[in-house]
$ cat upload_28.cif   # mmCIF, C-alpha atoms
data_query
#
loop_
_atom_site.label_atom_id
_atom_site.label_comp_id
_atom_site.auth_asym_id
_atom_site.auth_seq_id
_atom_site.Cartn_x
_atom_site.Cartn_y
_atom_site.Cartn_z
CA MET A 31 -85.34 172.58 42.67
CA THR A 32 -84.15 169.61 40.57
CA LEU A 33 -82.70 166.21 41.15
CA ALA A 34 -79.53 167.36 39.41
CA LEU A 35 -78.98 170.07 42.05
CA LYS A 36 -79.48 168.34 45.33
CA PRO A 37 -79.18 170.70 48.30
CA ARG A 38 -77.07 169.64 51.25
CA LEU A 39 -79.23 168.72 54.17
CA SER A 40 -78.47 169.36 57.81
CA LEU A 41 -77.75 166.34 59.99
CA LEU A 42 -81.11 166.87 61.69
CA ARG A 43 -82.96 166.71 58.36
CA ILE A 44 -81.11 163.53 57.35
CA ILE A 45 -82.09 162.00 60.67
CA GLU A 46 -85.71 163.09 60.20
CA MET A 47 -85.89 161.67 56.68
CA ASN A 48 -84.80 158.30 58.09
CA LEU A 49 -87.14 158.37 61.10
CA GLY A 50 -89.61 156.20 59.19
CA PHE A 51 -87.05 153.42 59.43
CA LEU A 52 -87.61 153.45 63.19
CA GLY A 53 -91.21 152.33 62.77
CA LEU A 54 -90.44 150.05 59.84
CA GLN A 55 -87.65 148.27 61.70
CA PHE A 56 -89.70 148.10 64.92
CA SER A 57 -92.04 145.99 62.80
CA PHE A 58 -89.20 143.80 61.53
CA GLY A 59 -87.88 143.45 65.07
CA LEU A 60 -91.24 142.20 66.29
CA GLN A 61 -91.27 139.61 63.51
CA GLN A 62 -87.71 138.45 64.18
CA SER A 63 -88.26 138.05 67.91
CA ASN A 64 -91.87 136.81 68.00
CA MET A 65 -93.00 135.00 64.86
CA ALA A 66 -91.25 131.70 65.58
CA PRO A 67 -92.61 131.62 69.17
CA ILE A 68 -96.11 132.55 67.94
CA TYR A 69 -96.04 129.60 65.56
CA SER A 70 -94.82 127.35 68.37
CA TYR A 71 -97.56 128.60 70.72
CA LEU A 72 -100.07 127.62 68.04
CA GLY A 73 -98.61 124.13 67.69
CA ALA A 74 -95.87 124.25 65.02
CA ASN A 75 -92.74 122.07 65.30
CA GLU A 76 -89.20 123.46 65.06
CA ALA A 77 -88.24 121.87 61.74
CA SER A 78 -91.17 123.60 59.98
CA LEU A 79 -90.34 127.13 61.18
CA PRO A 80 -88.41 128.24 58.05
CA LEU A 81 -91.30 127.12 55.82
CA LEU A 82 -93.82 129.02 57.94
CA GLN A 83 -91.65 132.13 57.60
CA LEU A 84 -91.74 132.07 53.78
CA ALA A 85 -93.97 135.15 53.60
CA GLY A 86 -91.05 137.50 54.18
CA PRO A 87 -88.66 136.12 51.55
CA LEU A 88 -91.38 135.50 48.95
CA THR A 89 -93.00 138.92 49.24
CA GLY A 90 -89.54 140.47 49.12
CA LEU A 91 -88.70 138.50 46.00
CA LEU A 92 -91.95 139.38 44.23
CA VAL A 93 -92.86 142.79 45.59
CA GLN A 94 -89.65 144.77 46.06
CA PRO A 95 -88.25 144.62 42.50
CA LEU A 96 -91.72 145.33 41.08
CA ILE A 97 -92.40 148.23 43.43
CA GLY A 98 -88.86 149.56 42.93
CA ALA A 99 -89.31 149.59 39.15
CA MET A 100 -92.78 151.12 39.43
CA SER A 101 -91.51 153.90 41.69
CA ASP A 102 -88.80 154.75 39.14
CA ARG A 103 -91.63 155.35 36.63
CA THR A 104 -94.04 157.18 38.94
CA MET A 105 -94.97 160.85 38.69
CA SER A 106 -97.69 162.06 41.03
CA ARG A 107 -98.72 165.13 42.96
CA TRP A 108 -97.45 163.38 46.13
CA GLY A 109 -94.05 162.49 44.69
CA ARG A 110 -92.22 159.60 43.10
CA ARG A 111 -91.78 157.32 46.14
CA THR A 112 -94.26 158.72 48.69
CA PRO A 113 -97.42 156.89 47.49
CA TYR A 114 -95.66 153.58 48.13
CA PHE A 115 -94.53 154.66 51.61
CA LEU A 116 -98.06 155.46 52.68
CA PHE A 117 -99.81 152.42 51.22
CA GLY A 118 -97.16 150.09 52.61
CA ALA A 119 -97.36 151.72 56.06
CA VAL A 120 -101.14 151.18 56.19
CA LEU A 121 -100.80 147.47 55.28
CA CYS A 122 -98.00 147.02 57.79
CA SER A 123 -100.05 148.58 60.60
CA ILE A 124 -103.04 146.34 59.84
CA GLY A 125 -100.84 143.24 59.87
CA LEU A 126 -99.16 144.18 63.15
CA PHE A 127 -102.46 144.80 64.92
CA ALA A 128 -104.00 141.52 63.72
CA MET A 129 -101.03 139.15 64.16
CA PRO A 130 -101.24 138.41 67.92
CA LEU A 131 -104.99 137.80 67.56
CA SER A 132 -104.38 134.79 65.29
CA PRO A 133 -106.24 131.67 66.55
CA THR A 134 -104.51 129.18 64.23
CA ILE A 135 -101.24 128.67 62.36
CA LEU A 136 -103.03 129.26 59.04
CA THR A 137 -104.39 132.60 60.24
CA ALA A 138 -100.93 133.66 61.43
CA VAL A 139 -99.38 132.68 58.09
CA CYS A 140 -101.98 134.68 56.13
CA THR A 141 -101.57 137.71 58.41
CA LEU A 142 -97.80 137.52 58.01
CA TRP A 143 -98.24 137.80 54.23
CA ILE A 144 -100.17 141.06 54.71
CA LEU A 145 -97.59 142.36 57.17
CA ASP A 146 -94.63 141.50 54.97
CA ALA A 147 -96.32 142.90 51.86
CA GLY A 148 -96.65 146.23 53.67
CA ASN A 149 -93.05 146.18 54.84
CA ASN A 150 -91.72 145.33 51.39
CA ILE A 151 -93.87 147.88 49.56
CA THR A 152 -92.32 150.52 51.80
CA MET A 153 -88.72 149.30 51.96
CA GLU A 154 -87.12 149.77 48.54
CA PRO A 155 -88.85 153.04 47.60
CA TYR A 156 -87.62 154.28 50.99
CA ARG A 157 -84.01 153.36 50.21
CA ALA A 158 -84.37 154.89 46.73
CA TYR A 159 -85.81 158.05 48.32
CA VAL A 160 -82.66 158.44 50.43
CA SER A 161 -80.47 157.95 47.37
CA ASP A 162 -82.63 160.41 45.38
CA ARG A 163 -82.62 163.04 48.09
CA LEU A 164 -78.95 163.14 49.12
CA SER A 165 -75.89 164.27 47.22
CA ASN A 166 -73.17 161.68 46.78
CA ASP A 167 -70.99 163.00 49.63
CA GLN A 168 -73.87 162.75 52.12
CA ARG A 169 -74.96 159.21 51.26
CA HIS A 170 -72.48 157.60 53.65
CA PHE A 171 -74.22 159.33 56.55
CA GLY A 172 -77.65 158.84 54.98
CA PHE A 173 -77.43 155.06 54.67
CA LEU A 174 -75.54 154.56 57.93
CA SER A 175 -78.08 156.72 59.81
CA GLN A 176 -80.73 154.51 58.22
CA SER A 177 -78.78 151.58 59.62
CA ALA A 178 -78.69 153.30 63.01
CA PHE A 179 -82.48 153.61 63.03
CA THR A 180 -82.64 149.95 62.06
CA GLY A 181 -80.70 149.16 65.21
CA LEU A 182 -82.75 151.52 67.38
CA GLY A 183 -86.13 150.37 66.06
CA GLN A 184 -85.32 146.70 66.44
CA MET A 185 -83.76 147.28 69.85
CA LEU A 186 -87.01 148.82 71.09
CA ALA A 187 -89.04 145.98 69.56
CA TYR A 188 -86.90 143.31 71.22
CA LEU A 189 -86.95 145.05 74.61
CA ALA A 190 -90.65 145.94 74.69
CA PRO A 191 -91.87 142.61 76.21
CA THR A 192 -89.01 142.55 78.75
CA PHE A 193 -89.81 146.14 79.74
CA MET A 194 -93.46 145.23 80.24
CA VAL A 195 -92.56 142.32 82.53
CA ASN A 196 -89.70 143.84 84.54
CA VAL A 197 -90.86 147.47 84.75
CA LEU A 198 -94.61 147.58 84.17
CA GLY A 199 -95.34 144.39 86.08
CA PHE A 200 -96.96 142.28 83.35
CA SER A 201 -96.89 138.53 84.00
CA VAL A 202 -94.72 136.43 81.69
CA ASN A 203 -97.24 133.61 82.11
CA ALA A 204 -100.34 135.63 81.18
CA VAL A 205 -101.54 134.10 77.90
CA ASP A 206 -104.74 134.12 75.89
CA ALA A 207 -106.83 131.12 74.85
CA HIS A 208 -104.35 130.37 72.03
CA ASN A 209 -101.24 130.46 74.30
CA ILE A 210 -100.06 133.82 72.90
CA PRO A 211 -98.72 136.03 75.74
CA VAL A 212 -100.50 139.29 76.58
CA ILE A 213 -97.17 141.14 76.35
CA THR A 214 -96.84 140.01 72.72
CA ARG A 215 -100.23 141.51 71.85
CA ALA A 216 -99.31 144.82 73.53
CA ALA A 217 -95.95 145.03 71.72
CA PHE A 218 -97.55 144.45 68.30
CA THR A 219 -100.15 147.16 68.98
CA ILE A 220 -97.38 149.65 69.76
CA GLY A 221 -95.66 148.62 66.52
CA ALA A 222 -98.84 149.24 64.51
CA VAL A 223 -98.91 152.86 65.71
CA LEU A 224 -95.19 153.49 65.23
CA SER A 225 -95.06 151.99 61.75
CA PHE A 226 -97.49 154.54 60.34
CA THR A 227 -96.71 157.69 62.34
CA THR A 228 -92.93 157.69 61.85
CA ILE A 229 -93.19 157.27 58.09
CA VAL A 230 -95.70 160.10 57.86
CA TRP A 231 -93.36 162.30 59.92
CA SER A 232 -90.45 161.62 57.56
CA ILE A 233 -92.26 162.47 54.34
CA VAL A 234 -93.86 165.59 55.85
CA ARG A 235 -90.61 166.95 57.28
CA VAL A 236 -88.37 166.06 54.30
CA PRO A 237 -90.51 165.85 51.16
CA GLU A 238 -89.17 164.52 47.90
CA LEU A 239 -87.44 166.90 45.50
CA PRO A 240 -89.42 167.90 42.40
CA LEU A 241 -88.28 166.10 39.27
CA ASP A 242 -86.43 168.15 36.70
CA ALA A 243 -87.76 168.46 33.15
CA PRO A 244 -85.43 165.88 31.52
CA THR A 245 -86.27 163.32 34.22
CA ARG A 246 -90.00 163.92 33.84
CA ALA A 247 -89.71 163.59 30.08
CA ALA A 248 -87.75 160.34 30.41
CA ILE A 249 -90.36 158.89 32.78
CA ALA A 250 -93.23 160.02 30.57
CA ALA A 251 -91.62 158.30 27.58
CA LYS A 252 -91.51 154.93 29.34
CA PRO A 253 -94.48 152.55 28.97
CA ARG A 254 -96.23 151.88 32.25
CA THR A 255 -97.75 148.49 31.61
CA VAL A 256 -97.03 145.49 33.83
CA GLY A 257 -95.19 143.85 30.95
CA ALA A 258 -92.96 146.90 30.50
CA THR A 259 -92.21 146.98 34.21
CA LEU A 260 -91.28 143.29 34.22
CA TRP A 261 -89.07 143.85 31.15
CA GLU A 262 -87.37 146.71 32.99
CA ILE A 263 -86.57 144.36 35.88
CA TRP A 264 -85.21 141.69 33.52
CA ASP A 265 -83.11 144.20 31.57
CA ALA A 266 -81.71 145.60 34.81
CA ILE A 267 -80.71 142.09 35.91
CA ALA A 268 -79.08 141.37 32.54
CA THR A 269 -77.06 144.62 32.64
CA MET A 270 -76.31 144.52 36.36
CA PRO A 271 -73.06 146.29 37.34
CA MET A 272 -70.18 143.96 38.18
CA ALA A 273 -69.88 145.24 41.75
CA MET A 274 -73.49 144.25 42.34
CA ARG A 275 -72.89 140.77 40.92
CA LYS A 276 -69.97 140.31 43.29
CA LEU A 277 -72.17 141.21 46.25
CA ALA A 278 -74.47 138.29 45.42
CA LEU A 279 -72.17 135.56 46.81
CA MET A 280 -71.61 137.50 50.01
CA SER A 281 -75.37 137.93 50.37
CA LEU A 282 -75.95 134.19 49.93
CA PHE A 283 -73.92 133.28 53.02
CA GLN A 284 -74.81 136.39 55.02
CA TRP A 285 -78.59 136.18 54.71
CA TYR A 286 -78.83 132.38 54.92
CA ALA A 287 -77.10 132.75 58.29
CA MET A 288 -79.20 135.68 59.50
CA PHE A 289 -82.51 133.99 58.60
CA ALA A 290 -81.48 130.80 60.40
CA TYR A 291 -80.28 132.82 63.39
CA TRP A 292 -83.58 134.65 63.79
CA ASN A 293 -85.58 131.45 63.48
CA TYR A 294 -83.60 129.39 65.98
CA VAL A 295 -81.79 131.61 68.51
CA ILE A 296 -84.66 131.41 71.04
CA TYR A 297 -84.67 127.61 70.82
CA ALA A 298 -80.88 127.53 71.31
CA ILE A 299 -81.12 129.75 74.40
CA SER A 300 -83.98 127.67 75.79
CA ARG A 301 -81.80 124.54 75.58
CA SER A 302 -78.46 125.99 76.67
CA VAL A 303 -79.69 128.23 79.51
CA TYR A 304 -82.84 126.45 80.73
CA GLY A 305 -82.39 122.88 79.45
CA GLU A 306 -85.89 123.17 78.00
CA SER A 307 -87.30 122.33 74.56
CA ASN A 308 -91.06 122.54 75.27
CA PRO A 309 -92.40 125.80 73.73
CA LEU A 310 -95.31 125.90 76.20
CA SER A 311 -93.01 125.85 79.25
CA GLU A 312 -92.08 128.81 81.42
CA GLY A 313 -88.44 128.15 80.56
CA PHE A 314 -89.17 128.72 76.89
CA ARG A 315 -91.07 131.94 77.65
CA ARG A 316 -88.09 133.06 79.71
CA ALA A 317 -85.86 132.29 76.71
CA VAL A 318 -88.09 134.55 74.60
CA LEU A 319 -87.49 137.37 77.11
CA ASP A 320 -83.75 136.60 77.18
CA ASN A 321 -83.68 136.84 73.41
CA GLY A 322 -85.43 140.17 73.81
CA MET A 323 -82.55 141.29 76.03
CA LEU A 324 -79.99 139.85 73.59
CA GLY A 325 -81.70 141.33 70.54
CA GLY A 326 -82.28 144.67 72.19
CA PHE A 327 -78.65 144.89 73.22
CA TYR A 328 -77.22 143.89 69.84
CA ASN A 329 -79.52 146.33 68.07
CA GLY A 330 -78.41 149.03 70.49
CA VAL A 331 -74.82 148.17 69.63
CA ALA A 332 -75.81 148.33 65.94
CA PHE A 333 -77.29 151.81 66.47
CA VAL A 334 -74.04 153.11 67.98
CA ALA A 335 -71.77 151.15 65.64
CA ALA A 336 -73.53 152.40 62.50
CA LEU A 337 -72.85 156.01 63.46
CA ALA A 338 -69.29 155.24 64.58
CA MET A 339 -68.61 153.55 61.23
CA VAL A 340 -69.14 156.75 59.21
CA PRO A 341 -65.53 158.05 59.46
CA LEU A 342 -64.07 154.52 59.45
CA THR A 343 -65.95 153.59 56.28
CA ARG A 344 -64.78 156.78 54.57
CA ARG A 345 -61.19 155.94 55.50
CA TRP A 346 -61.02 152.19 54.86
CA GLY A 347 -63.85 151.66 52.40
CA ALA A 348 -67.21 149.97 52.86
CA ALA A 349 -66.02 146.51 51.73
CA THR A 350 -63.12 146.25 54.20
CA MET A 351 -65.26 147.60 57.02
CA HIS A 352 -68.04 145.15 56.27
CA CYS A 353 -65.63 142.19 56.23
CA CYS A 354 -64.40 142.98 59.74
CA CYS A 355 -67.95 143.42 61.04
CA LEU A 356 -69.13 140.10 59.60
CA ILE A 357 -66.29 138.29 61.36
CA ALA A 358 -67.39 139.85 64.65
CA ALA A 359 -70.98 138.70 64.05
CA GLY A 360 -69.86 135.16 63.21
CA LEU A 361 -67.86 134.87 66.42
CA GLY A 362 -70.89 136.01 68.40
CA MET A 363 -73.12 133.36 66.80
CA LEU A 364 -70.54 130.64 67.48
CA ALA A 365 -70.45 131.61 71.17
CA ILE A 366 -74.19 131.59 72.00
CA PRO A 367 -74.71 127.78 72.11
CA HIS A 368 -72.00 127.49 74.79
CA ILE A 369 -73.48 130.05 77.19
CA THR A 370 -75.43 128.69 80.16
CA GLN A 371 -76.27 131.91 82.03
CA ALA A 372 -78.53 134.54 80.47
CA THR A 373 -76.42 137.51 81.57
CA TRP A 374 -73.45 136.32 79.53
CA LEU A 375 -75.52 136.50 76.33
CA LEU A 376 -74.68 140.20 76.20
CA LEU A 377 -71.06 139.40 75.31
CA PRO A 378 -71.71 137.72 71.92
CA ALA A 379 -74.41 140.34 71.32
CA ILE A 380 -71.65 142.91 70.88
CA GLY A 381 -70.23 141.10 67.86
CA ILE A 382 -73.66 140.43 66.38
CA GLY A 383 -74.59 144.09 66.83
CA ILE A 384 -71.46 145.31 65.07
CA GLY A 385 -72.22 142.97 62.18
CA TRP A 386 -75.88 143.96 62.01
CA GLY A 387 -75.03 147.67 62.03
CA SER A 388 -72.80 147.09 59.01
CA ILE A 389 -75.21 144.78 57.16
CA MET A 390 -77.89 147.46 57.02
CA GLY A 391 -75.55 150.19 55.80
CA ASN A 392 -72.24 149.33 54.14
CA PRO A 393 -73.52 147.07 51.30
CA TYR A 394 -75.86 149.89 50.25
CA ILE A 395 -72.95 152.32 50.15
CA ILE A 396 -71.17 149.97 47.73
CA LEU A 397 -74.36 149.53 45.74
CA SER A 398 -75.36 153.20 45.50
CA GLY A 399 -71.99 154.08 43.98
CA ALA A 400 -72.27 151.36 41.34
CA ILE A 401 -75.77 151.81 39.89
CA PRO A 402 -77.08 154.47 37.49
CA PRO A 403 -79.23 157.00 39.38
CA GLU A 404 -82.18 156.78 36.98
CA ARG A 405 -82.59 153.08 37.88
CA THR A 406 -82.07 153.35 41.62
CA GLY A 407 -85.50 151.97 42.52
CA VAL A 408 -85.31 148.86 40.37
CA TYR A 409 -81.74 148.06 41.41
CA MET A 410 -82.55 148.50 45.10
CA GLY A 411 -85.40 146.06 44.55
CA ILE A 412 -83.16 143.59 42.72
CA PHE A 413 -80.57 143.85 45.48
CA ASN A 414 -83.28 142.77 47.88
CA MET A 415 -83.65 139.60 45.78
CA MET A 416 -80.10 138.83 46.88
CA ILE A 417 -81.39 139.05 50.45
CA VAL A 418 -84.56 137.00 50.10
CA VAL A 419 -83.29 134.23 47.78
CA PRO A 420 -80.88 132.95 50.49
CA MET A 421 -83.82 132.99 52.91
CA LEU A 422 -85.89 130.94 50.46
CA ILE A 423 -83.01 128.49 50.07
CA ASN A 424 -82.84 128.24 53.85
CA ALA A 425 -86.60 127.57 54.09
CA ALA A 426 -86.34 124.85 51.43
CA THR A 427 -83.22 123.13 52.80
CA MET A 428 -83.32 123.48 56.60
CA PRO A 429 -86.21 120.99 57.10
CA LEU A 430 -84.22 118.44 55.05
CA TYR A 431 -81.19 118.35 57.34
CA PHE A 432 -82.33 119.87 60.65
CA ASP A 433 -82.96 116.47 62.25
CA ARG A 434 -80.52 114.33 60.25
CA TRP A 435 -77.38 116.47 60.28
CA LEU A 436 -78.01 118.91 63.13
CA GLY A 437 -79.63 116.43 65.50
CA GLY A 438 -82.80 118.50 65.77
CA ASP A 439 -80.85 120.86 68.04
CA ALA A 440 -81.07 124.62 67.46
CA ARG A 441 -77.65 125.11 69.06
CA ASN A 442 -76.09 123.39 66.05
CA VAL A 443 -77.97 125.77 63.75
CA LEU A 444 -76.26 128.73 65.43
CA THR A 445 -72.87 127.09 64.99
CA LEU A 446 -73.62 126.75 61.28
CA CYS A 447 -74.62 130.43 61.19
CA GLY A 448 -71.26 131.48 62.64
CA VAL A 449 -69.37 129.53 59.97
CA LEU A 450 -71.48 131.03 57.17
CA MET A 451 -70.85 134.58 58.41
CA GLY A 452 -67.13 133.88 58.20
CA LEU A 453 -67.56 132.76 54.59
CA ALA A 454 -69.52 135.94 53.85
CA ALA A 455 -66.63 137.97 55.26
CA LEU A 456 -64.21 136.26 52.87
CA CYS A 457 -66.52 136.92 49.93
CA VAL A 458 -66.88 140.64 50.61
CA LEU A 459 -63.12 141.08 50.18
CA TRP A 460 -63.74 140.25 46.52
CA THR A 461 -65.85 143.38 46.27
CA ARG A 462 -64.32 146.81 46.31
CA GLU A 463 -66.29 150.05 46.47
CA PRO A 464 -66.43 151.46 42.90
CA PRO A 465 -66.30 155.13 41.93
CA PRO A 466 -69.71 156.82 41.61
CA ALA A 467 -71.66 155.96 38.46
CA GLU A 468 -71.36 158.48 35.67
CA GLY A 469 -73.67 161.42 36.16
CA GLN A 470 -74.48 160.55 39.75
CA ALA A 471 -75.03 163.63 41.85
#

$ encode --input "upload_28.cif" --output "structure tokens"
Amino acid sequence: MTLALKPRLSLLRIIEMNLGFLGLQFSFGLQQSNMAPIYSYLGANEASLPLLQLAGPLTGLLVQPLIGAMSDRTMSRWGRRTPYFLFGAVLCSIGLFAMPLSPTILTAVCTLWILDAGNNITMEPYRAYVSDRLSNDQRHFGFLSQSAFTGLGQMLAYLAPTFMVNVLGFSVNAVDAHNIPVITRAAFTIGAVLSFTTIVWSIVRVPELPLDAPTRAAIAAKPRTVGATLWEIWDAIATMPMAMRKLALMSLFQWYAMFAYWNYVIYAISRSVYGESNPLSEGFRRAVLDNGMLGGFYNGVAFVAALAMVPLTRRWGAATMHCCCLIAAGLGMLAIPHITQATWLLLPAIGIGIGWGSIMGNPYIILSGAIPPERTGVYMGIFNMMIVVPMLINAATMPLYFDRWLGGDARNVLTLCGVLMGLAALCVLWTREPPPAEGQA
């Protein structure tokens, strides 16, 4: 079997090969819904939250392009991408287990670096593995099913604490000596198990295809030094396809908004629904659970929407579809600061879920058709730079204007997020899905 002759996979096999995204995105969901509160429980102030969350963007910026380029050059008895899956899954599981045990902000920051390193080591080789494994006509379903598992995994992560309180009878006010709730510790332990087991299941059930002789010869001819890998990344950036360059402006607005949303949505809900800004209050802990309901619902919507988008994306194109979905997400973000009853949060969650389902699928459809297949890993890693750089910009700029321009009020942050998602929607119209790259199977 060769990479040039990729067999069509059944829908069940495509789903199984993406099952690892369930565990991976459960981990991301736990971070999105719990890291800001954990920092607040340990004594951090709201303006510093983006800076404390730098581990994710920085490890993504440094690790993903490097790992993507390395995986393009890897030949091993376990496969081209698999060694990175396994090592990253182990790191991720260690970070998840240790995070809720953090006694100080510094410990939590250091643990987050381990956790995010594991996530990022796994992420881009995983996306490259899907591109490697599927023929061109199956990639729409491959990437959108990956997006569906993103929605499902994060939905379960967001809902886990709420389920423990409302169904299993855990107390929302049960906290440890460092003010971290018991339900948070239990959710992170579940995530540690899922992160490893689902990835192992995927690579066992749908192993990588053996490399054909020309591909093996091309890899063997490439130098494998760190300098050569870094040069490969730089050369790929310099020769980046035009469609990928056009996606950069969209990503700037889109991911600046998403990073700010994740950092501040709990604080906006706490103020608008409970009139509470104290992170050690019961009202704030209730806002964390409400965000779990909101996040679980919008990720559930994302799960359904990603699958429903498959025929619509084929008909209208990934760029047009993504534009419409970003507008829906922006309207949802604009609405949240004006909601005063928790139940009504489910309404804007629909729009955010539609947008999130598209974010994790449609841009990769555009990208996979524009890049040469032999450089899939490095370009997937570089594309992640377009995700993390806006987050770094957010971390650097938000503390400068949070108090002065936004009045120190998280509700104003969400209004800004809605506007930026609208700008991202306008930018994506500039990008049109290109024909497949020459020689792409």

$ closest_residue --input "upload_28.cif" --among "A:Ala455, A:Ala273, A:Leu42, A:Leu142" --to "A:Leu84" --atoms "all atoms listed in the file"
A:Leu142

$ residues_near_point --input "upload_28.cif" --point "(-103.5, 130.6, 73.3)" --cutoff "10 Å" --atoms "all atoms listed in the file" --output "list in words"
Ile68, Tyr71, Leu72, Gly73, Pro130, Leu131, Ser132, Pro133, Thr134, Ala204, Val205, Asp206, Ala207, His208, Asn209, Ile210, Pro211, Val212 and Leu310 of chain A

$ closest_residue --input "upload_28.cif" --among "A:Thr89, A:Asn321, A:Thr269, A:Asn149" --to "A:Leu376" --atoms "only C-alpha atoms"
A:Asn321

$ closest_residue --input "upload_28.cif" --among "A:Pro378, A:Gly391, A:Pro67, A:Gly181" --to "A:Ala138" --atoms "only C-alpha atoms"
A:Pro67

$ resolve_selection --input "upload_28.cif" --expression "the PyMOL selection byres ((chain A and resi 153-166) around 6)" --output "PyMOL selection string"
chain A and resi 36+98+111+150-152+167-169+406-407+410-411+471

$ atom_distance --input "upload_28.cif" --atom1 "atom CA of A:Leu319" --atom2 "atom CA of A:Arg441"
17.7 Å

$ atom_distance --input "upload_28.cif" --atom1 "atom CA of A:Val195" --atom2 "atom CA of A:Leu136"
28.8 Å

$ closest_residue --input "upload_28.cif" --among "A:Arg316, A:Arg405, A:His352, A:Arg434" --to "A:Asn203" --atoms "all atoms listed in the file"
A:Arg316

$ resolve_selection --input "upload_28.cif" --expression "the PyMOL selection byres ((chain A and resi 65) around 12)" --output "PyMOL selection string"
chain A and resi 57-64+66-72+74+79-80+82-86+126+129-130+132+135+138-139+141-142+145-146+210+214-215+218+292-294+296+318

$ write_last_selection --input "upload_28.cif" --atoms "C-alpha atoms" --output "PDB file, in the frame of the given file"
ATOM      1  CA  SER A  57     -92.040 145.990  62.800  1.00  0.00           C
ATOM      2  CA  PHE A  58     -89.200 143.800  61.530  1.00  0.00           C
ATOM      3  CA  GLY A  59     -87.880 143.450  65.070  1.00  0.00           C
ATOM      4  CA  LEU A  60     -91.240 142.200  66.290  1.00  0.00           C
ATOM      5  CA  GLN A  61     -91.270 139.610  63.510  1.00  0.00           C
ATOM      6  CA  GLN A  62     -87.710 138.450  64.180  1.00  0.00           C
ATOM      7  CA  SER A  63     -88.260 138.050  67.910  1.00  0.00           C
ATOM      8  CA  ASN A  64     -91.870 136.810  68.000  1.00  0.00           C
ATOM      9  CA  ALA A  66     -91.250 131.700  65.580  1.00  0.00           C
ATOM     10  CA  PRO A  67     -92.610 131.620  69.170  1.00  0.00           C
ATOM     11  CA  ILE A  68     -96.110 132.550  67.940  1.00  0.00           C
ATOM     12  CA  TYR A  69     -96.040 129.600  65.560  1.00  0.00           C
ATOM     13  CA  SER A  70     -94.820 127.350  68.370  1.00  0.00           C
ATOM     14  CA  TYR A  71     -97.560 128.600  70.720  1.00  0.00           C
ATOM     15  CA  LEU A  72    -100.070 127.620  68.040  1.00  0.00           C
ATOM     16  CA  ALA A  74     -95.870 124.250  65.020  1.00  0.00           C
ATOM     17  CA  LEU A  79     -90.340 127.130  61.180  1.00  0.00           C
ATOM     18  CA  PRO A  80     -88.410 128.240  58.050  1.00  0.00           C
ATOM     19  CA  LEU A  82     -93.820 129.020  57.940  1.00  0.00           C
ATOM     20  CA  GLN A  83     -91.650 132.130  57.600  1.00  0.00           C
ATOM     21  CA  LEU A  84     -91.740 132.070  53.780  1.00  0.00           C
ATOM     22  CA  ALA A  85     -93.970 135.150  53.600  1.00  0.00           C
ATOM     23  CA  GLY A  86     -91.050 137.500  54.180  1.00  0.00           C
ATOM     24  CA  LEU A 126     -99.160 144.180  63.150  1.00  0.00           C
ATOM     25  CA  MET A 129    -101.030 139.150  64.160  1.00  0.00           C
ATOM     26  CA  PRO A 130    -101.240 138.410  67.920  1.00  0.00           C
ATOM     27  CA  SER A 132    -104.380 134.790  65.290  1.00  0.00           C
ATOM     28  CA  ILE A 135    -101.240 128.670  62.360  1.00  0.00           C
ATOM     29  CA  ALA A 138    -100.930 133.660  61.430  1.00  0.00           C
ATOM     30  CA  VAL A 139     -99.380 132.680  58.090  1.00  0.00           C
ATOM     31  CA  THR A 141    -101.570 137.710  58.410  1.00  0.00           C
ATOM     32  CA  LEU A 142     -97.800 137.520  58.010  1.00  0.00           C
ATOM     33  CA  LEU A 145     -97.590 142.360  57.170  1.00  0.00           C
ATOM     34  CA  ASP A 146     -94.630 141.500  54.970  1.00  0.00           C
ATOM     35  CA  ILE A 210    -100.060 133.820  72.900  1.00  0.00           C
ATOM     36  CA  THR A 214     -96.840 140.010  72.720  1.00  0.00           C
ATOM     37  CA  ARG A 215    -100.230 141.510  71.850  1.00  0.00           C
ATOM     38  CA  PHE A 218     -97.550 144.450  68.300  1.00  0.00           C
ATOM     39  CA  TRP A 292     -83.580 134.650  63.790  1.00  0.00           C
ATOM     40  CA  ASN A 293     -85.580 131.450  63.480  1.00  0.00           C
ATOM     41  CA  TYR A 294     -83.600 129.390  65.980  1.00  0.00           C
ATOM     42  CA  ILE A 296     -84.660 131.410  71.040  1.00  0.00           C
ATOM     43  CA  VAL A 318     -88.090 134.550  74.600  1.00  0.00           C
TER      44      VAL A 318
END
